[in-house]
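Scroll down for the structure; my scribbles are underneath it.
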Amino acid sequence: MFAAIFNVDGAPVDHSRFGVAGYDVESIDRAGHVAFVCAKAGPFSARGEAVGIRGLGGLFRIVGRVRLDARDELRSRLPDLPEAAPGEASDPELCLRAYAAWGDAFLDRLAGDFCFVLWDGSRKRLICARDQLGIRSLFHAEVGGTWFVSDSLDWIATRAGVARDLDDTWIADFLTVGHSLEVERTVYRHVRRLPPAHVLTISGTGITTRRYWRLHIGDPLHFRDRRQYTEGFLDLMSRSIGDRLSVGRVGIAMSGGLDSTALAACAVHVTGDASRVVAECLDFDEFESARERHFSSLVAKRLGIELRHRRGDNLVYDKQWWARSTTTPEPSALITTAHFDRDVVCERAERASVWLYGEGPDNALTFERNEYLSWLIGRRDWRRLAEAGAFYLRVKGLAGWWDTLKRYTGRRHPPDDSIGVPPWIEPSLVARLDLERRIAGVTPPGGVGAGLGPRHPWRPEAVAGFSNPIWPAVFADYEFEESLGPLVLRHPFLDLRVLEFMLSVPTVPWAREKMLLREAMRGRLPDEVLARPKTPHDCTLPFGSGLPGLSRNGSLDRYVDVSILSAGSWPGHRLRGRVLAVHVLDHWLATRRTDGIGSG
């Protein structure tokens with residue numbers, strides 16, 4: 001955890017208000033009107049993840065969580081500066097050197113997972129930045145001329161004296177779709193979340209917020225030799241994983257599916273030592289058809305890595321969750337499994353300090369065939385169109401066309417329920433926030449969404465998906481998981497170099513059934529795994545009648561008509577999730593923190 005306090009009126013910061021056991025408070029300038037707070041060094045310090053205060057040249061200071069990609073390339077572009085040792089500089093120190101060299105343009109040259117606050121003593125201003133995809137969180141609030149910035153929502157809400165009024169819009173979104181539809185909002189009306197790819201600058205003359213990066217995908221990558229696609233992908237994955245490794249072993253959260261097993265194969269290749277790679281697979285008897293144990297065991301044997309199987313059926317819902325002491329910074333369904341998750345995280349941390357997750361390919365390699373072919377027609381690129389059509393006909397094969405025929409001629413089944421405003425939401429709240437219209441265009445859970453920003457000409461769904469506010473919510477869940485034990489989670493497929501490459505390959509044929517990954521892993525993973533189709537896990541929430549009674553406190557009544565909720569039975573999977581959200585909110589309202597930092 002780290003934080004910054006800035007009294008823009010020049011008054012000194014009162015250290016006694018913000019220091020707690022296990023945390024340091026340090027004045028950053030001579031006048032004492034700027035202070036940084038950070039956790040004291042602990043036993044865990046994975047490369048680029050330790051929180052501490054760094055300085056450069058007596059003018060620049062930084063505090064934050066920083067892990068950079070392409071460090072060597074960045075170092076080679078930086079001029080030599082006094083008091084800097086390029087070969088030894090930490091990632092936060094590289095940020096300082098980049099700022100000293102390029103000023104406000106320094107963020108254009110940084111990539112990775114980061115959130116930090118930088119003090120420029122020469123211009124008397126704070127520069128607060130969050131990484132491009134929002135893997136790390138950053139919050140800010142202002143009270144009476146004092147600015148607070150932190151990666152901990154709890155710290156701002158409980159230590160900074162910020163008003164704790166609730167944000168009704170955030171809560172309405174949570175109750176209807178499970179996450180906020182506006183990235184900037186938090187559960188507290190007076191605390192804001194810095195959006196991904198944004199920088200907030202605070203000085204005595206005012207504040208500015210600007211977006212410093214956008215996902216830009218130009219024309220498709222066209223190579224004469226098909227091997228250039230797979231070789232290019234493997235090269236970028238090797239760089240990505242290399243930037244995310246720490247000393248010692250690395251863990252893979254590995255199912256028997258393609259994405260995580262490809263991650264394991266690439267990790268073995270990069271380390272050159274299979275004994276440095278460990279994996280864990282969750283097995284669910286409910287999903288026997290998925291056969292995760294079988295496929296993951298095939299991969300582990302092929303790669304020579306250590307694999308542990310963990311029974312997952314008993315980890316998906318804690319029947320005593322409301323009686324536990326763990327809390328979450330904002331209402332979250334993660335509270336219903338946190339007791340189990342803590343044990344899992346701590347056991348994983350004993351095996352490796354860094355764990356790699358396979359988020360990314362399902363979204364980046366969305367198969368948008370019609371959009372791509374229409375784009376080629378619009379450009380009158382008949383040669384590429386003919387090549388794409390012929391290639392698609394060949395790779396799909398007779399079995400693929402037979403499946404398509406059955407899909408179009410078979411009976412269509414409507415979904416179990418739609419995403420709409422649940423009937424128990426307080427009518428006055430629905431009317432005041434116009435909730436029906438607000439969520440009308442929301443994509444179902446698991447979808448990537450469309451219509452977010454300008455429509456991309458040939459990759460509209462995939463590109464728009466990475467602007468969907470569900471991503472910051474997903475990363476916030478991962479950050480909570482990290483808070484349960486001494487490990488760090490990293491996402492190699494979301495390295496910007498890898499992500500932009502996956503989005504840039506021609507959709508036909510490389511995005512069909514994630515052909516890019518299947519071809520890249522040819523000879524590296526068992527053929528049985530490469531031939532395995534995508535196997536979704538669409539489970540029913542297991543809580544049954546095992547929910548606590550609602551406390552019926554006045555705060556909950558502002559949002560929910562409990563009489564309607566209690567009177568009906570709600571069998572649909574999504575509606576059951578929304579029922580659970582009411583209980584999660586009720587628990588959070590009754591237990592929200594008032595006395596400290598973290599999730600306890």
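Each chain of the structure tokens is named A, B, ... in the order shown, its residues numbered from 1; ligands are numbered from 1 in display order.
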
Next item on the list: Would you mind listing what lies within 7 Å of region 518-533 of chain A as a ChimeraX atom specification, with only C-alpha atoms counted and same-chain residues fewer than 2 positions away left out?
Entry: /A:230,234,258,262,265,295,298-299,302,514-516,535

Next item on the list: Enumerate the residues of region 185-415 of chain A with a DSSP assignment of alpha helix (DSSP H), computed from the backbone, and present them as an NGL selection string.
Entry: :A and (227-244 or 258-271 or 292-303 or 338-351 or 361-364 or 369-378 or 382-409)

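The smallest atom-to-atom distance between Arg438 (chain A) and any of A:Arg512, A:Val474, A:Val582, A:Thr169, using only C-alpha atoms, is found for A:Thr169.
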
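Minimum distance to Pro423 (chain A) across A:Ala390, A:Leu575, A:Val498, A:Val277 (counting only C-alpha atoms) occurs at A:Leu575.
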
Near region 332-338 of chain A, 9 Å: region 142-245 of chain A residue rows, closest pairs, only C-alpha atoms, as a tab-separated table:
residue	atom	partner	partner_atom	distance
A:Phe174	CA	A:Ser332	CA	8.5
A:Gly178	CA	A:Ser332	CA	8.3
A:His179	CA	A:Ser332	CA	8.7

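Taking only C-alpha atoms into account, Asp495 (chain A) lies nearest to A:Glu359 out of the set A:Glu426, A:Glu292, A:Glu359, A:Glu350.
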
Region 132-236 of chain A residues near region 37-41 of chain A within 12 Å, closest pair each, using only C-alpha atoms, as a tab-separated table:
residue	atom	partner	partner_atom	distance
A:Phe148	CA	A:Val37	CA	10.5
A:Val149	CA	A:Val37	CA	10.0
A:Ser150	CA	A:Val37	CA	8.9
A:Asp151	CA	A:Cys38	CA	10.3
A:Ser152	CA	A:Cys38	CA	10.8
A:Trp155	CA	A:Val37	CA	10.4
A:Ile156	CA	A:Val37	CA	11.6
A:Arg159	CA	A:Val37	CA	11.5
A:Ala160	CA	A:Val37	CA	11.9

Go ahead and save the residues from that selection, with C-alpha atoms, as a PDB file, in the first residue's frame.
ATOM      1  CA  PHE A 148      -5.126  12.241  -1.164  1.00  0.00           C
ATOM      2  CA  VAL A 149      -3.925   9.668  -3.709  1.00  0.00           C
ATOM      3  CA  SER A 150      -3.496   5.970  -2.952  1.00  0.00           C
ATOM      4  CA  ASP A 151      -3.684   2.474  -4.370  1.00  0.00           C
ATOM      5  CA  SER A 152      -5.861   1.603  -1.359  1.00  0.00           C
ATOM      6  CA  TRP A 155      -6.878   3.990   3.233  1.00  0.00           C
ATOM      7  CA  ILE A 156      -8.520   7.008   1.641  1.00  0.00           C
ATOM      8  CA  ARG A 159      -7.668   7.579   7.144  1.00  0.00           C
ATOM      9  CA  ALA A 160      -8.058  10.677   5.060  1.00  0.00           C
TER      10      ALA A 160
END
